[in-house]
Structures are given as structure tokens and as C-alpha cells.
$ cat my_file15.cif   # mmCIF, C-alpha atoms
data_work
#
loop_
_atom_site.label_atom_id
_atom_site.label_comp_id
_atom_site.auth_asym_id
_atom_site.auth_seq_id
_atom_site.Cartn_x
_atom_site.Cartn_y
_atom_site.Cartn_z
CA MET A 1 -40.21 -181.67 -84.78
CA ARG A 2 -41.90 -178.33 -85.48
CA ASN A 3 -40.68 -175.34 -83.71
CA GLY A 4 -43.25 -173.95 -81.32
CA PRO A 5 -43.99 -170.26 -80.74
CA LYS A 6 -41.05 -168.01 -80.30
CA SER A 7 -40.20 -167.84 -76.65
CA LEU A 8 -40.21 -164.47 -74.89
CA ALA A 9 -36.85 -162.87 -74.55
CA GLU A 10 -35.50 -162.46 -71.10
CA ALA A 11 -35.99 -158.69 -71.21
CA ASP A 12 -39.64 -158.98 -72.32
CA ARG A 13 -40.73 -161.25 -69.55
CA PRO A 14 -42.72 -159.80 -66.66
CA THR A 15 -40.76 -158.92 -63.60
CA ASP A 16 -41.26 -160.54 -60.28
CA ALA A 17 -43.36 -157.61 -59.08
CA GLY A 18 -45.73 -157.95 -62.03
CA THR A 19 -44.62 -154.69 -63.79
CA PRO A 20 -43.91 -154.95 -67.51
CA ALA A 21 -40.44 -154.04 -68.63
CA ALA A 22 -41.90 -151.42 -70.99
CA GLU A 23 -43.05 -149.41 -67.99
CA GLU A 24 -39.55 -149.33 -66.56
CA ASN A 25 -38.29 -147.69 -69.75
CA SER A 26 -41.09 -145.08 -70.00
CA GLU A 27 -40.45 -141.63 -71.45
CA ASP A 28 -40.50 -140.04 -68.00
CA ASN A 29 -37.58 -142.15 -66.82
CA TYR A 30 -35.60 -142.00 -70.05
CA ARG A 31 -31.99 -140.97 -69.49
CA PHE A 32 -29.92 -139.14 -72.13
CA PRO A 33 -26.25 -139.97 -72.35
CA SER A 34 -23.74 -137.16 -71.82
CA THR A 35 -20.00 -136.79 -71.49
CA ARG A 36 -20.27 -137.04 -67.70
CA GLY A 37 -22.89 -139.80 -67.66
CA VAL A 38 -26.66 -139.73 -67.90
CA LEU A 39 -28.89 -136.63 -67.35
CA THR A 40 -31.94 -137.05 -65.15
CA ALA A 41 -35.38 -135.65 -65.99
CA GLU A 42 -34.93 -132.84 -63.44
CA GLU A 43 -31.62 -131.76 -64.99
CA ILE A 44 -33.14 -131.73 -68.48
CA GLU A 45 -36.05 -129.60 -67.26
CA ALA A 46 -33.65 -127.15 -65.62
CA LEU A 47 -31.65 -126.79 -68.85
CA LEU A 48 -34.77 -126.18 -70.95
CA ARG A 49 -36.33 -123.68 -68.54
CA PRO A 50 -35.82 -120.09 -69.92
CA LYS A 51 -33.81 -117.66 -67.83
CA LYS A 52 -35.58 -114.52 -66.53
CA ASP A 53 -32.81 -112.10 -67.49
CA GLN A 54 -32.15 -113.68 -70.88
CA THR A 55 -32.62 -111.32 -73.84
CA SER A 56 -32.27 -111.84 -77.54
CA LEU A 57 -29.86 -108.91 -78.04
CA ALA A 58 -27.53 -108.21 -75.16
CA ASP A 59 -26.35 -104.90 -76.62
CA MET A 60 -29.84 -103.36 -76.95
CA PRO A 61 -30.37 -100.26 -74.74
CA ASP A 62 -32.79 -100.49 -71.84
CA VAL A 63 -36.28 -99.32 -72.65
CA PRO A 64 -36.95 -96.22 -70.53
CA GLN A 65 -39.93 -96.16 -68.23
CA VAL A 66 -42.92 -94.04 -69.04
CA ILE A 67 -42.26 -90.62 -67.50
CA GLU A 68 -45.29 -88.73 -66.29
CA PRO A 69 -45.04 -85.04 -67.18
CA LYS A 70 -44.33 -82.87 -64.15
CA THR A 71 -46.63 -79.96 -63.50
CA THR A 72 -44.83 -76.72 -64.30
CA GLU A 73 -44.46 -74.56 -61.23
CA ASN A 74 -46.20 -71.22 -61.55
CA PHE A 75 -44.14 -68.41 -60.01
CA ASP A 76 -47.15 -66.05 -60.24
CA VAL A 77 -48.81 -67.94 -57.37
CA GLN A 78 -47.74 -66.75 -53.92
CA THR A 79 -46.17 -69.59 -51.89
CA LYS A 80 -46.70 -69.84 -48.16
CA GLN A 81 -43.07 -70.22 -47.18
CA VAL A 82 -41.33 -68.83 -44.12
CA THR A 83 -37.63 -68.03 -44.22
CA PRO A 84 -35.28 -69.05 -41.39
CA GLU A 85 -34.91 -65.36 -40.45
CA GLN A 86 -38.69 -65.00 -40.06
CA ASP A 87 -38.83 -68.17 -37.96
CA ARG A 88 -36.09 -66.90 -35.63
CA HIS A 89 -37.87 -63.56 -35.36
CA ALA A 90 -41.09 -65.35 -34.29
CA HIS A 91 -39.27 -67.22 -31.50
CA LYS A 92 -37.62 -64.02 -30.23
CA LEU A 93 -40.99 -62.30 -30.28
CA ALA A 94 -42.50 -65.07 -28.11
CA ALA A 95 -40.17 -64.21 -25.23
CA ARG A 96 -40.83 -60.47 -25.58
CA LEU A 97 -44.61 -61.01 -25.60
CA ALA A 98 -44.43 -63.12 -22.42
CA MET A 99 -42.57 -60.35 -20.59
CA ALA A 100 -44.89 -57.63 -21.96
CA LEU A 101 -48.01 -59.56 -20.94
CA GLY A 102 -46.68 -60.12 -17.43
CA ALA A 103 -45.54 -56.52 -16.98
CA GLY A 104 -48.74 -54.93 -18.26
CA SER A 105 -51.54 -57.21 -17.06
CA GLY A 106 -49.89 -59.34 -14.39
CA VAL A 107 -50.66 -62.58 -16.27
CA LYS A 108 -47.54 -64.75 -15.95
CA ALA A 109 -47.83 -67.07 -18.95
CA ALA A 110 -45.48 -69.18 -21.02
CA ILE A 111 -45.79 -68.15 -24.68
CA SER A 112 -44.37 -70.45 -27.36
CA VAL A 113 -44.50 -70.50 -31.17
CA ALA A 114 -47.16 -72.80 -32.60
CA GLU A 115 -47.07 -72.01 -36.33
CA CYS A 116 -45.79 -69.41 -38.81
CA ALA A 117 -47.03 -68.62 -42.30
CA GLU A 118 -46.90 -65.89 -44.92
CA LEU A 119 -50.36 -65.11 -46.31
CA PRO A 120 -52.00 -62.54 -48.58
CA ARG A 121 -53.53 -59.69 -46.62
CA ALA A 122 -56.89 -60.33 -48.32
CA GLU A 123 -57.24 -63.61 -46.38
CA LEU A 124 -57.01 -61.98 -42.93
CA ALA A 125 -60.72 -61.20 -42.57
CA GLY A 126 -61.70 -64.84 -43.06
CA LEU A 127 -58.84 -66.05 -40.87
CA LEU A 128 -59.72 -63.85 -37.87
CA GLN A 129 -63.50 -63.98 -38.08
CA GLY A 130 -64.89 -65.53 -34.90
CA LYS A 131 -61.45 -66.16 -33.39
CA SER A 132 -60.41 -62.73 -32.07
CA SER A 133 -62.38 -60.51 -29.69
CA ALA A 134 -59.70 -57.85 -29.11
CA ILE A 135 -57.14 -56.71 -31.68
CA ALA A 136 -54.30 -54.43 -30.61
CA CYS A 137 -53.25 -52.10 -33.45
CA ILE A 138 -49.52 -51.34 -33.18
CA GLY A 139 -47.32 -48.99 -35.21
CA PRO A 140 -45.24 -45.80 -35.16
CA SER A 141 -48.37 -43.58 -35.29
CA GLU A 142 -52.15 -43.71 -35.48
CA THR A 143 -52.02 -43.44 -39.26
CA ASP A 144 -49.23 -45.99 -39.71
CA ILE A 145 -50.18 -49.43 -38.37
CA ARG A 146 -47.51 -52.09 -38.88
CA ALA A 147 -48.72 -55.03 -36.74
CA LEU A 148 -51.80 -56.53 -35.10
CA VAL A 149 -51.91 -58.58 -31.89
CA CYS A 150 -55.09 -60.68 -31.85
CA LEU A 151 -56.48 -61.99 -28.54
CA PRO A 152 -59.19 -64.69 -28.46
CA PRO A 153 -62.17 -64.21 -26.10
CA ASP A 154 -60.83 -66.42 -23.28
CA LEU A 155 -57.47 -64.62 -23.13
CA ALA A 156 -59.02 -61.13 -23.24
CA ASP A 157 -61.47 -62.14 -20.50
CA ALA A 158 -58.65 -63.56 -18.35
CA ILE A 159 -56.64 -60.31 -18.64
CA ILE A 160 -59.68 -58.24 -17.63
CA ALA A 161 -60.45 -60.60 -14.73
CA ARG A 162 -56.87 -60.37 -13.44
CA ALA A 163 -57.03 -56.57 -13.56
CA CYS A 164 -60.26 -56.69 -11.49
CA GLY A 165 -58.67 -58.89 -8.82
CA SER A 166 -60.01 -62.27 -9.97
CA ARG A 167 -57.77 -65.22 -10.79
CA GLY A 168 -60.12 -66.89 -13.26
CA SER A 169 -62.79 -65.62 -15.64
CA THR A 170 -65.26 -62.77 -15.31
CA GLY A 171 -68.07 -65.23 -15.97
CA ARG A 172 -69.36 -63.29 -18.96
CA LEU A 173 -68.11 -65.59 -21.72
CA GLY A 174 -70.81 -67.14 -23.85
CA ASP A 175 -72.61 -66.92 -27.17
CA GLY A 176 -72.79 -63.37 -28.46
CA TRP A 177 -70.39 -61.97 -25.85
CA THR A 178 -68.45 -58.94 -27.05
CA LEU A 179 -66.12 -56.45 -25.42
CA SER A 180 -67.69 -53.24 -24.15
CA ALA A 181 -66.16 -49.77 -24.50
CA ILE A 182 -64.94 -50.00 -20.89
CA ASP A 183 -63.31 -53.38 -21.61
CA CYS A 184 -61.48 -51.94 -24.62
CA ALA A 185 -60.28 -48.92 -22.62
CA LEU A 186 -59.00 -51.23 -19.86
CA LEU A 187 -57.17 -53.48 -22.32
CA GLU A 188 -55.62 -50.43 -23.97
CA GLN A 189 -53.98 -49.58 -20.64
CA LEU A 190 -52.94 -53.14 -19.84
CA LEU A 191 -51.41 -53.98 -23.23
CA VAL A 192 -49.21 -50.89 -23.62
CA PRO A 193 -45.93 -52.93 -23.33
CA MET A 194 -46.99 -54.96 -26.39
CA GLY A 195 -46.00 -52.12 -28.73
CA GLU A 196 -42.38 -51.93 -27.66
CA ALA A 197 -42.21 -55.74 -27.55
CA LEU A 198 -42.72 -55.86 -31.31
CA HIS A 199 -40.28 -53.04 -32.11
CA PRO A 200 -38.64 -50.21 -30.13
CA SER A 201 -40.27 -47.58 -32.37
CA PHE A 202 -43.78 -49.11 -32.19
CA LYS A 203 -46.56 -48.15 -29.77
CA LEU A 204 -50.01 -49.47 -29.02
CA GLN A 205 -52.35 -47.13 -30.90
CA ALA A 206 -55.82 -48.62 -30.27
CA ILE A 207 -57.85 -51.68 -29.30
CA GLU A 208 -60.35 -52.63 -32.02
CA THR A 209 -63.01 -55.33 -32.34
CA ASP A 210 -64.01 -54.94 -36.02
CA VAL A 211 -62.08 -57.63 -37.91
CA ALA A 212 -62.85 -56.32 -41.39
CA TYR A 213 -61.70 -52.84 -40.40
CA VAL A 214 -58.35 -53.78 -38.88
CA SER A 215 -57.60 -56.20 -41.74
CA SER A 216 -57.39 -53.21 -44.09
CA LEU A 217 -55.02 -51.17 -41.91
CA LEU A 218 -51.80 -52.93 -42.91
CA PRO A 219 -50.41 -51.22 -46.07
CA VAL A 220 -48.91 -54.38 -47.60
CA ALA A 221 -50.03 -57.14 -49.96
CA ALA A 222 -48.65 -60.05 -47.88
CA VAL A 223 -48.32 -60.44 -44.11
CA GLN A 224 -46.49 -62.78 -41.76
CA VAL A 225 -48.79 -64.55 -39.31
CA SER A 226 -47.29 -66.06 -36.15
CA GLU A 227 -49.52 -68.09 -33.86
CA TYR A 228 -48.54 -68.66 -30.22
CA SER A 229 -49.81 -70.89 -27.44
CA VAL A 230 -50.39 -69.23 -24.04
CA GLU A 231 -50.13 -71.46 -20.96
CA ALA A 232 -50.66 -70.19 -17.42
CA ALA A 233 -52.22 -71.40 -14.17
CA GLY A 234 -55.85 -72.12 -15.05
CA LEU A 235 -55.42 -70.67 -18.55
CA HIS A 236 -54.90 -72.51 -21.82
CA SER A 237 -55.26 -70.13 -24.73
CA ASP A 238 -53.46 -68.68 -27.74
CA LEU A 239 -52.80 -65.43 -29.56
CA ALA A 240 -51.69 -64.34 -33.01
CA VAL A 241 -49.35 -61.62 -34.22
CA ILE A 242 -49.81 -60.29 -37.76
CA GLU A 243 -46.92 -58.22 -39.09
CA GLY A 244 -47.01 -56.20 -42.27
CA GLU A 245 -43.31 -55.31 -42.26
CA ALA A 246 -41.47 -57.58 -39.86
CA PRO A 247 -38.08 -56.15 -38.78
CA THR A 248 -35.25 -58.06 -40.43
CA GLU A 249 -31.73 -58.51 -39.15
CA ALA A 250 -29.06 -58.61 -41.86
CA SER A 251 -26.22 -61.01 -41.16
CA ASP A 252 -22.58 -59.95 -41.28
CA GLU A 253 -21.98 -62.31 -44.18
CA GLN A 254 -24.66 -60.68 -46.32
CA ALA A 255 -23.34 -57.22 -45.46
CA GLN A 256 -19.90 -58.16 -46.79
CA HIS A 257 -21.19 -59.35 -50.16
CA GLU A 258 -20.31 -57.14 -53.09
CA PRO A 259 -23.02 -55.87 -55.45
CA LEU A 260 -23.81 -58.34 -58.23
CA THR A 261 -24.33 -55.74 -60.95
CA SER A 262 -23.34 -52.20 -61.83
CA PRO A 263 -24.78 -49.77 -64.43
CA ASP A 264 -21.85 -50.19 -66.87
CA VAL A 265 -21.46 -54.01 -66.70
CA THR A 266 -23.44 -56.64 -68.63
CA ALA A 267 -23.40 -60.20 -67.28
CA VAL A 268 -24.09 -63.26 -69.47
CA LEU A 269 -25.81 -66.11 -67.66
CA THR A 270 -26.28 -69.56 -69.21
CA ALA A 271 -28.77 -72.07 -67.78
CA ARG A 272 -27.44 -75.65 -67.85
CA LEU A 273 -29.70 -78.57 -66.98
CA ALA A 274 -27.41 -81.51 -67.82
CA SER A 275 -24.81 -82.81 -70.31
CA LEU A 276 -25.49 -85.95 -72.38
CA THR A 277 -23.24 -88.05 -74.64
CA VAL A 278 -25.16 -90.11 -77.23
CA PRO A 279 -23.79 -92.41 -80.00
CA LEU A 280 -24.29 -91.10 -83.54
CA SER A 281 -26.33 -94.18 -84.46
CA ARG A 282 -28.72 -93.40 -81.63
CA VAL A 283 -29.07 -89.78 -82.76
CA THR A 284 -30.02 -90.81 -86.31
CA GLU A 285 -32.80 -93.02 -84.90
CA LEU A 286 -34.41 -90.21 -82.88
CA LYS A 287 -37.96 -89.30 -83.82
CA ALA A 288 -41.02 -87.72 -82.26
CA GLY A 289 -41.76 -89.54 -79.02
CA SER A 290 -38.21 -90.77 -78.39
CA THR A 291 -36.91 -90.44 -74.84
CA LEU A 292 -33.39 -89.56 -73.72
CA LEU A 293 -32.57 -90.27 -70.08
CA LEU A 294 -30.39 -87.58 -68.51
CA GLY A 295 -29.43 -89.72 -65.52
CA LEU A 296 -30.43 -86.98 -63.04
CA PRO A 297 -33.08 -86.90 -60.31
CA ALA A 298 -36.34 -85.20 -61.27
CA ASP A 299 -35.74 -82.42 -58.72
CA GLN A 300 -32.17 -81.71 -59.83
CA PRO A 301 -31.61 -77.92 -59.75
CA VAL A 302 -30.69 -75.99 -62.88
CA GLU A 303 -27.23 -74.39 -62.85
CA LEU A 304 -26.64 -70.80 -63.94
CA LEU A 305 -23.18 -70.28 -65.42
CA SER A 306 -21.47 -66.90 -65.47
CA GLY A 307 -19.54 -66.15 -68.66
CA GLY A 308 -20.98 -68.58 -71.20
CA ARG A 309 -21.07 -72.37 -71.51
CA ASP A 310 -17.62 -72.83 -69.94
CA GLY A 311 -18.13 -70.24 -67.18
CA ARG A 312 -18.31 -70.71 -63.43
CA VAL A 313 -21.46 -71.87 -61.67
CA ALA A 314 -22.88 -68.76 -60.01
CA PHE A 315 -26.42 -69.77 -59.01
CA GLU A 316 -28.78 -72.71 -58.74
CA GLY A 317 -32.51 -72.52 -59.47
CA ARG A 318 -35.61 -74.42 -60.54
CA MET A 319 -37.56 -74.28 -63.78
CA GLY A 320 -41.07 -72.87 -63.97
CA ARG A 321 -43.07 -70.27 -65.80
CA LYS A 322 -43.83 -66.59 -65.33
CA GLY A 323 -46.96 -65.62 -67.20
CA ASN A 324 -46.66 -67.30 -70.61
CA LYS A 325 -42.85 -67.54 -70.63
CA VAL A 326 -40.37 -70.09 -69.31
CA ALA A 327 -38.65 -68.79 -66.18
CA LEU A 328 -35.97 -69.87 -63.71
CA GLN A 329 -36.22 -68.98 -60.01
CA VAL A 330 -32.88 -68.68 -58.17
CA THR A 331 -32.78 -70.80 -55.01
CA LYS A 332 -29.10 -70.74 -54.07
CA ARG A 333 -26.09 -68.53 -54.66
CA ILE A 334 -22.88 -70.41 -55.40
CA GLY A 335 -20.28 -67.73 -56.29
CA SER A 336 -19.97 -63.97 -56.59
CA PHE A 337 -19.02 -61.47 -59.26
CA LYS A 338 -15.80 -59.53 -58.82
CA GLY A 339 -14.79 -56.50 -60.78
#
$ encode --input "my_file15.cif" --output "C-alpha cells"
Amino acid sequence: MRNGPKSLAEADRPTDAGTPAAEENSEDNYRFPSTRGVLTAEEIEALLRPKKDQTSLADMPDVPQVIEPKTTENFDVQTKQVTPEQDRHAHKLAARLAMALGAGSGVKAAISVAECAELPRAELAGLLQGKSSAIACIGPSETDIRALVCLPPDLADAIIARACGSRGSTGRLGDGWTLSAIDCALLEQLLVPMGEALHPSFKLQAIETDVAYVSSLLPVAAVQVSEYSVEAAGLHSDLAVIEGEAPTEASDEQAQHEPLTSPDVTAVLTARLASLTVPLSRVTELKAGSTLLLGLPADQPVELLSGGRDGRVAFEGRMGRKGNKVALQVTKRIGSFKG
């Protein structure tokens, strides 16, 4: 009897659910043998997925970031900075002005510091234009003016009204209003205590209304401007004090400091930005455009050493330029020179 067609093997027969056996062993479900068993498709995908921190050479140095060049600070430009001594002087002056205003005009007002700044004298005319109606010129004599006290229209009007027996305004404020000669003479009598409030040797010399004129009376290139707020019953105003030579108070610590230099001594100062240790192989690879990271913040101060490279740190400063030369401006004193 002839043999019929070859019967299907048991593994090649359709399953009960009607799914061919070939589909059960598809590539997606293929399992690779391993020492611990069989790896699933998810485990294989996780092993083949590249790691984010993986690099080809582990010993390669980190590529530095692109460093934007910092604008060189120009020391020729005047900076509008106020020292702590000037700020304390402005707060002391606020209390003296409050007492002087109350004693001279009878206006009991709270005067507090609003803002302080150091400005070139040439900017005063533009700063005061339209803001001050009466300017008290104060100094040791008529030919030596050291300070200006600037009163806005509402404050000057309130002082005049109080002197005339009114508690509010004279009712004359408005567009184009200016002080008359009688107003200026009255204010000159009422603001006499302002001179001694600024300094014991100062006196009120005159009341002026010409801003351009009084701006040229201070014989200095830079002035300290202190703005104050004036608060009283029914009065919300301000005033400004412009000082050409503000009195300074030297601290006991500064008075005890010894002189830094003498005519017969020469001091050697060395500026040190940072120290850097680099492998010789890295040095031989340096070329134009290479970057060396110092590991310091961008605003790290420069140290000034006294006595050469191995000397003591005497000062700290910041780099800049003066004219067309590199310069270093001292910002902090660390040590002192001793003979």
C-alpha cells in the first residue's frame, strides 16, 4: 500500500484557538538563553539602550563651556557709589534738619532719608530744573559756599504760610508761580538754623532761585546729593541737600594705622589672580584658542602680595583699565606695612 502524504507533525498543527505555531515563536517573543535563564524582550532592549553618561574615553578632560568675554571696567568713568560713612552722615543730617526746620519756621515735620548718590557737579542744573523754587546757599562766608538746601514749591509755600499764621498753603501755587523778593527775604530769616545744622562753622548766606547760578557755586567736581522725605500734618513733600565737601568723621581704627609708605622705602607689590597646575602633556597641546579653567568665580578679586611672589597678601582689588593701560583698583586692605 502506497504511503499517503506526510502527516503534519504535532508541533505544526494548528492550535485549538486557531493560531499557527509559527506565530507563537515570532521574533518579538523570541527568548535568548543566558546563565540565569531566558532574557525577555524588555531586558534585551534595556541592555542595548545607550547610557547618557557613557563616553568613549573616560580619561578625556571635560570640554569647557564657551566663556563670554567680560567687559573691562573703565576706572576713568565716575561711579555713583556712596560710602557707609556718607550714608551715616545723611541719616544724622536728617535729624538735624528736622530740628532746624521746627526751630526756625515752626513746621514740625518728620524728615527721613530717601536716597543718596554721588554725582558730577555738571549734572546739578538738569537735576534741579523745575524741582526747586528756593535754594539756601550755605557755607563759611558769602564767597565760600559748601552746601545747598533745595526746597520744592510746596514746601517753600508751606513755610511761608506757617509764618503768616496759616496752617496750609498760601493759595498761590500754580503754573508759573515763583518766589517774590519778599518771599526770599522771609525764607532767609526762617531758615537760619539750617546753616548750623549742616556744620557748626556754616551759616545761611542767601536764598536764591536761579538754578544755573547756584549750581556753579560749589567749587568741586563731584557732589553728594541726599534726598529726604518731609512728612507733617497736611504736608507731604521732600527736600534735597547738595554738599560739595561733606564733613567726614575718621574712625579710631583708621587713626591708628601706620603710614603705608615713606620717602626712603620702596615696596614691591605682585598681583596674583590664581595658581594653576597643568600636566605637561596638556601644556604641549596648547594652541591659540585653547582654554584653561582657573576654577575661580568670575568676580574673584585679585590679590596684591607684598614682597614678591611668596610675600604676604596686603590688598585685594579688581582688574580694569586706566586710559590705555591695564590697572588694578584696590577694594580691600588685608595687612599693613611695618618698618
$ resolve_selection --input "my_file15.cif" --expression "the PyMOL selection byres ((chain A and resi 150) around 9)" --output "list in words"
Leu128, Lys131, Ser132, Ser133, Ala134, Ile135, Ala136, Cys137, Leu148, Val149, Leu151, Pro152, Leu239, Ala240, Val241 and Ile242 of chain A
$ atom_distance --input "my_file15.cif" --atom1 "CA of Ala109 in chain A" --atom2 "CA of Ala233 in chain A"
7.8 Å
$ atom_distance --input "my_file15.cif" --atom1 "CA of Lys332 in chain A" --atom2 "CA of Leu296 in chain A"
18.6 Å
$ resolve_selection --input "my_file15.cif" --expression "the PyMOL selection byres ((chain A and resi 230) around 8)" --output "PyMOL selection string"
chain A and resi 109-112+228-229+231-232+235-239
$ residues_around --input "my_file15.cif" --residues "Leu187 in chain A" --least-positions-apart "3" --cutoff "12 Å" --atoms "only C-alpha atoms" --output "PyMOL selection string"
chain A and resi 101+104-105+133-137+151+155-164+179-184+190-194+204-209
$ resolve_selection --input "my_file15.cif" --expression "the PyMOL selection byres ((chain A and resi 115-120) around 8)" --output "ChimeraX atom specification"
/A:79-82,87,90,113-114,121-124,221-228
$ decode --input "my_file15.cif" --residues "range 156-189 of chain A" --atoms "N, CA and C atoms" --output "JSON list (two decimals), in the first residue's frame"
[["chain", "number", "residue", "atom", "x", "y", "z"],
["A", 156, "ALA", "N", 8.31, 125.24, 50.30],
["A", 156, "ALA", "CA", 8.56, 126.68, 50.49],
["A", 156, "ALA", "C", 7.26, 127.43, 50.75],
["A", 157, "ASP", "N", 6.19, 127.09, 50.06],
["A", 157, "ASP", "CA", 4.90, 127.75, 50.27],
["A", 157, "ASP", "C", 4.35, 127.44, 51.65],
["A", 158, "ALA", "N", 4.52, 126.19, 52.12],
["A", 158, "ALA", "CA", 4.03, 125.81, 53.45],
["A", 158, "ALA", "C", 4.77, 126.57, 54.55],
["A", 159, "ILE", "N", 6.09, 126.76, 54.38],
["A", 159, "ILE", "CA", 6.87, 127.50, 55.39],
["A", 159, "ILE", "C", 6.41, 128.96, 55.44],
["A", 160, "ILE", "N", 6.19, 129.56, 54.27],
["A", 160, "ILE", "CA", 5.73, 130.95, 54.24],
["A", 160, "ILE", "C", 4.33, 131.06, 54.83],
["A", 161, "ALA", "N", 3.46, 130.11, 54.52],
["A", 161, "ALA", "CA", 2.10, 130.14, 55.07],
["A", 161, "ALA", "C", 2.11, 130.01, 56.58],
["A", 162, "ARG", "N", 2.96, 129.14, 57.13],
["A", 162, "ARG", "CA", 3.04, 128.99, 58.58],
["A", 162, "ARG", "C", 3.54, 130.28, 59.23],
["A", 163, "ALA", "N", 4.49, 130.95, 58.59],
["A", 163, "ALA", "CA", 4.99, 132.21, 59.15],
["A", 163, "ALA", "C", 3.92, 133.30, 59.14],
["A", 164, "CYS", "N", 2.96, 133.22, 58.19],
["A", 164, "CYS", "CA", 1.89, 134.21, 58.10],
["A", 164, "CYS", "C", 0.67, 133.84, 58.95],
["A", 165, "GLY", "N", 0.75, 132.73, 59.69],
["A", 165, "GLY", "CA", -0.35, 132.35, 60.56],
["A", 165, "GLY", "C", -1.30, 131.34, 59.97],
["A", 166, "SER", "N", -1.05, 130.84, 58.77],
["A", 166, "SER", "CA", -1.92, 129.84, 58.15],
["A", 166, "SER", "C", -1.34, 128.45, 58.38],
["A", 167, "ARG", "N", -2.20, 127.45, 58.42],
["A", 167, "ARG", "CA", -1.75, 126.09, 58.66],
["A", 167, "ARG", "C", -1.63, 125.29, 57.37],
["A", 168, "GLY", "N", -2.06, 125.85, 56.26],
["A", 168, "GLY", "CA", -1.99, 125.12, 55.00],
["A", 168, "GLY", "C", -1.11, 125.84, 53.99],
["A", 169, "SER", "N", -1.68, 126.14, 52.82],
["A", 169, "SER", "CA", -0.96, 126.80, 51.75],
["A", 169, "SER", "C", -1.40, 128.26, 51.65],
["A", 170, "THR", "N", -0.58, 129.05, 50.98],
["A", 170, "THR", "CA", -0.95, 130.44, 50.73],
["A", 170, "THR", "C", -1.94, 130.58, 49.59],
["A", 171, "GLY", "N", -2.16, 129.51, 48.86],
["A", 171, "GLY", "CA", -3.10, 129.54, 47.74],
["A", 171, "GLY", "C", -2.53, 130.12, 46.48],
["A", 172, "ARG", "N", -1.22, 130.33, 46.43],
["A", 172, "ARG", "CA", -0.62, 130.94, 45.25],
["A", 172, "ARG", "C", 0.05, 129.92, 44.33],
["A", 173, "LEU", "N", 0.10, 128.67, 44.74],
["A", 173, "LEU", "CA", 0.78, 127.67, 43.91],
["A", 173, "LEU", "C", 0.03, 127.47, 42.60],
["A", 174, "GLY", "N", 0.77, 127.29, 41.55],
["A", 174, "GLY", "CA", 0.18, 127.06, 40.24],
["A", 174, "GLY", "C", 1.24, 127.20, 39.17],
["A", 175, "ASP", "N", 0.83, 127.10, 37.92],
["A", 175, "ASP", "CA", 1.77, 127.19, 36.81],
["A", 175, "ASP", "C", 2.38, 128.59, 36.75],
["A", 176, "GLY", "N", 3.70, 128.63, 36.65],
["A", 176, "GLY", "CA", 4.41, 129.90, 36.55],
["A", 176, "GLY", "C", 4.61, 130.61, 37.86],
["A", 177, "TRP", "N", 4.26, 129.97, 38.99],
["A", 177, "TRP", "CA", 4.44, 130.64, 40.28],
["A", 177, "TRP", "C", 5.91, 130.66, 40.66],
["A", 178, "THR", "N", 6.40, 131.78, 41.08],
["A", 178, "THR", "CA", 7.78, 131.94, 41.54],
["A", 178, "THR", "C", 7.78, 132.74, 42.84],
["A", 179, "LEU", "N", 8.86, 132.62, 43.57],
["A", 179, "LEU", "CA", 9.02, 133.36, 44.82],
["A", 179, "LEU", "C", 9.33, 134.83, 44.52],
["A", 180, "SER", "N", 8.72, 135.70, 45.27],
["A", 180, "SER", "CA", 9.00, 137.14, 45.14],
["A", 180, "SER", "C", 10.18, 137.50, 46.01],
["A", 181, "ALA", "N", 10.64, 138.75, 45.91],
["A", 181, "ALA", "CA", 11.75, 139.21, 46.73],
["A", 181, "ALA", "C", 11.38, 139.19, 48.21],
["A", 182, "ILE", "N", 10.12, 139.49, 48.52],
["A", 182, "ILE", "CA", 9.67, 139.44, 49.92],
["A", 182, "ILE", "C", 9.67, 138.00, 50.42],
["A", 183, "ASP", "N", 9.24, 137.06, 49.58],
["A", 183, "ASP", "CA", 9.26, 135.64, 49.97],
["A", 183, "ASP", "C", 10.68, 135.19, 50.29],
["A", 184, "CYS", "N", 11.63, 135.56, 49.42],
["A", 184, "CYS", "CA", 13.01, 135.15, 49.65],
["A", 184, "CYS", "C", 13.57, 135.76, 50.94],
["A", 185, "ALA", "N", 13.24, 137.02, 51.20],
["A", 185, "ALA", "CA", 13.71, 137.66, 52.44],
["A", 185, "ALA", "C", 13.12, 136.98, 53.66],
["A", 186, "LEU", "N", 11.86, 136.57, 53.58],
["A", 186, "LEU", "CA", 11.22, 135.88, 54.70],
["A", 186, "LEU", "C", 11.84, 134.51, 54.93],
["A", 187, "LEU", "N", 12.08, 133.77, 53.85],
["A", 187, "LEU", "CA", 12.71, 132.46, 53.99],
["A", 187, "LEU", "C", 14.13, 132.57, 54.54],
["A", 188, "GLU", "N", 14.82, 133.63, 54.18],
["A", 188, "GLU", "CA", 16.18, 133.82, 54.67],
["A", 188, "GLU", "C", 16.21, 133.98, 56.19],
["A", 189, "GLN", "N", 15.14, 134.54, 56.76],
["A", 189, "GLN", "CA", 15.06, 134.67, 58.21],
["A", 189, "GLN", "C", 14.61, 133.36, 58.86]]
